[in-house]
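The structure file structure02.pdb is reproduced below (PDB, C-alpha atoms, pLDDT in the B column).
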ATOM      1  CA  MET A   1       4.224   5.497   8.091  1.00 62.00           C
ATOM      2  CA  ASN A   2       1.055   6.291   9.980  1.00 71.00           C
ATOM      3  CA  ARG A   3      -2.039   8.350   9.182  1.00 72.00           C
ATOM      4  CA  ASP A   4      -0.563  11.579  10.585  1.00 79.00           C
ATOM      5  CA  ASP A   5       2.603  11.153   8.489  1.00 73.00           C
ATOM      6  CA  ILE A   6       0.512  10.730   5.344  1.00 68.00           C
ATOM      7  CA  ILE A   7      -1.590  13.802   6.094  1.00 72.00           C
ATOM      8  CA  ARG A   8       1.496  15.870   6.916  1.00 72.00           C
ATOM      9  CA  MET A   9       3.237  14.841   3.683  1.00 69.00           C
ATOM     10  CA  ALA A  10       0.111  15.530   1.660  1.00 67.00           C
ATOM     11  CA  LEU A  11      -0.109  19.063   3.021  1.00 72.00           C
ATOM     12  CA  MET A  12       3.492  19.894   2.184  1.00 72.00           C
ATOM     13  CA  GLY A  13       4.425  21.619  -1.026  1.00 65.00           C
ATOM     14  CA  LYS A  14       2.667  24.017  -3.335  1.00 65.00           C
ATOM     15  CA  GLN A  15       0.231  21.690  -5.064  1.00 71.00           C
ATOM     16  CA  ASN A  16      -3.456  22.399  -5.201  1.00 80.00           C
ATOM     17  CA  LEU A  17      -5.811  20.567  -2.846  1.00 79.00           C
ATOM     18  CA  ARG A  18      -6.749  17.927  -5.410  1.00 81.00           C
ATOM     19  CA  ASP A  19      -3.096  17.023  -6.009  1.00 81.00           C
ATOM     20  CA  ARG A  20      -2.436  16.853  -2.258  1.00 78.00           C
ATOM     21  CA  ILE A  21      -5.373  14.522  -1.727  1.00 80.00           C
ATOM     22  CA  SER A  22      -4.301  12.318  -4.648  1.00 82.00           C
ATOM     23  CA  TYR A  23      -0.794  12.161  -3.206  1.00 80.00           C
ATOM     24  CA  ALA A  24      -2.096  11.153   0.221  1.00 82.00           C
ATOM     25  CA  ILE A  25      -4.270   8.450  -1.333  1.00 84.00           C
ATOM     26  CA  ALA A  26      -1.305   7.083  -3.288  1.00 86.00           C
ATOM     27  CA  LEU A  27       0.787   6.925  -0.110  1.00 84.00           C
ATOM     28  CA  GLU A  28      -1.961   5.114   1.749  1.00 86.00           C
ATOM     29  CA  ARG A  29      -2.485   2.677  -1.133  1.00 87.00           C
ATOM     30  CA  GLU A  30       1.214   1.831  -1.186  1.00 87.00           C
ATOM     31  CA  ALA A  31       1.216   1.335   2.581  1.00 86.00           C
ATOM     32  CA  CYS A  32      -1.716  -1.088   2.227  1.00 86.00           C
ATOM     33  CA  ALA A  33       0.048  -2.977  -0.568  1.00 87.00           C
ATOM     34  CA  LYS A  34       3.128  -3.400   1.616  1.00 84.00           C
ATOM     35  CA  VAL A  35       0.974  -4.786   4.428  1.00 82.00           C
ATOM     36  CA  ALA A  36      -0.580  -7.265   1.993  1.00 80.00           C
ATOM     37  CA  GLU A  37       2.890  -8.434   0.968  1.00 78.00           C
ATOM     38  CA  THR A  38       3.968  -9.124   4.535  1.00 76.00           C
ATOM     39  CA  ILE A  39       0.760 -10.207   6.258  1.00 70.00           C
ATOM     40  CA  GLU A  40       1.077 -13.433   8.197  1.00 64.00           C
ATOM     41  CA  LYS A  41       4.459 -13.901   6.555  1.00 57.00           C
ATOM     42  CA  ASP A  42       6.012 -15.977   9.308  1.00 59.00           C
ATOM     43  CA  ARG A  43       3.057 -18.301   9.770  1.00 60.00           C
ATOM     44  CA  PHE A  44       2.222 -18.918   6.109  1.00 60.00           C
ATOM     45  CA  ASP A  45       5.748 -19.008   4.713  1.00 57.00           C
ATOM     46  CA  ALA A  46       6.670 -21.634   7.291  1.00 60.00           C
ATOM     47  CA  VAL A  47       4.203 -24.017   5.639  1.00 62.00           C
ATOM     48  CA  GLY A  48       6.148 -23.785   2.401  1.00 65.00           C
ATOM     49  CA  ASP A  49       3.096 -23.398   0.159  1.00 68.00           C
ATOM     50  CA  PRO A  50       4.173 -21.330  -2.879  1.00 69.00           C
ATOM     51  CA  ARG A  51       0.563 -20.230  -3.462  1.00 75.00           C
ATOM     52  CA  ILE A  52       0.769 -18.054  -0.351  1.00 73.00           C
ATOM     53  CA  SER A  53       3.507 -15.933  -1.918  1.00 73.00           C
ATOM     54  CA  GLU A  54       1.521 -15.719  -5.146  1.00 78.00           C
ATOM     55  CA  PHE A  55      -1.584 -14.639  -3.244  1.00 79.00           C
ATOM     56  CA  LYS A  56       0.294 -11.948  -1.312  1.00 79.00           C
ATOM     57  CA  SER A  57       1.847 -10.659  -4.518  1.00 82.00           C
ATOM     58  CA  TYR A  58      -1.491 -10.705  -6.360  1.00 84.00           C
ATOM     59  CA  THR A  59      -3.191  -8.824  -3.523  1.00 84.00           C
ATOM     60  CA  ALA A  60      -0.489  -6.149  -3.385  1.00 85.00           C
ATOM     61  CA  ASP A  61      -0.579  -5.730  -7.179  1.00 88.00           C
ATOM     62  CA  ALA A  62      -4.382  -5.414  -7.104  1.00 88.00           C
ATOM     63  CA  ILE A  63      -4.179  -2.672  -4.479  1.00 87.00           C
ATOM     64  CA  ARG A  64      -1.581  -0.763  -6.477  1.00 86.00           C
ATOM     65  CA  ALA A  65      -3.598  -1.176  -9.694  1.00 89.00           C
ATOM     66  CA  ARG A  66      -6.536   0.685  -8.150  1.00 84.00           C
ATOM     67  CA  GLY A  67      -4.530   3.868  -8.606  1.00 75.00           C
ATOM     68  CA  GLN A  68      -3.973   3.251 -12.306  1.00 77.00           C
ATOM     69  CA  GLY A  69      -7.579   3.672 -13.387  1.00 61.00           C
TER
END
I need this file expressed as structure tokens, please.
Amino acid sequence: MNRDDIIRMALMGKQNLRDRISYAIALEREACAKVAETIEKDRFDAVGDPRISEFKSYTADAIRARGQG
């Protein structure tokens, strides 16, 4: 999903502008969280350090949590 896809999806439907913007932000946040989960996956996972997986998971969870407050 790229920036144009997010904007297009946010403009669809009958919501008010605030809801559309919130929806677009949520989509972008989720896209960022997914990047955090997969970043440098091949290089770091090859080392076998379990802390790398924990760090990726923590980072993704922190990004998603920003939308909860």
**Request:** Rounded to one decimal place, report the atom CA of A:Asn2-atom CA of A:Gly67 distance in Å.
**Result:**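 According to the coordinates, atom CA of A:Asn2 and atom CA of A:Gly67 are separated by 19.6 Å.
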**Request:** Take the PyMOL selection byres ((chain A and resi 34) around 10), apply it to the structure above, and return the hits as a list in words.
**Result:**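 Those residues are Glu28, Arg29, Glu30, Ala31, Cys32, Ala33, Val35, Ala36, Glu37, Thr38, Ile39, Lys56, Ser57, Thr59, Ala60, Asp61, Ile63 and Arg64 of chain A.
Reported to one decimal place, the separation of atom CA of A:Ile21 from atom CA of A:Tyr58 is 25.9 Å.
Distances from A:Leu17, A:Arg51, A:Ala26, A:Ile7 to A:Ala65 were compared using only C-alpha atoms, and the smallest one belongs to A:Ala26.
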**Request:** For atom CA of A:Asp4 and atom CA of A:Phe55, determine how far apart the two atoms are, in Å to one decimal place.
**Result:**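 Computed distance, atom CA of A:Asp4 to atom CA of A:Phe55, equals 29.7 Å.
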Could the centre and edge lengths of an axis-aligned box, enclosing all atoms of stretch 33-37 of chain A in the file with 4 Å extra on each side, be given in Å to one decimal as AutoDock Vina command-line options?
--center_x 1.3 --center_y -5.7 --center_z 1.9 --size_x 11.7 --size_y 13.5 --size_z 13.0
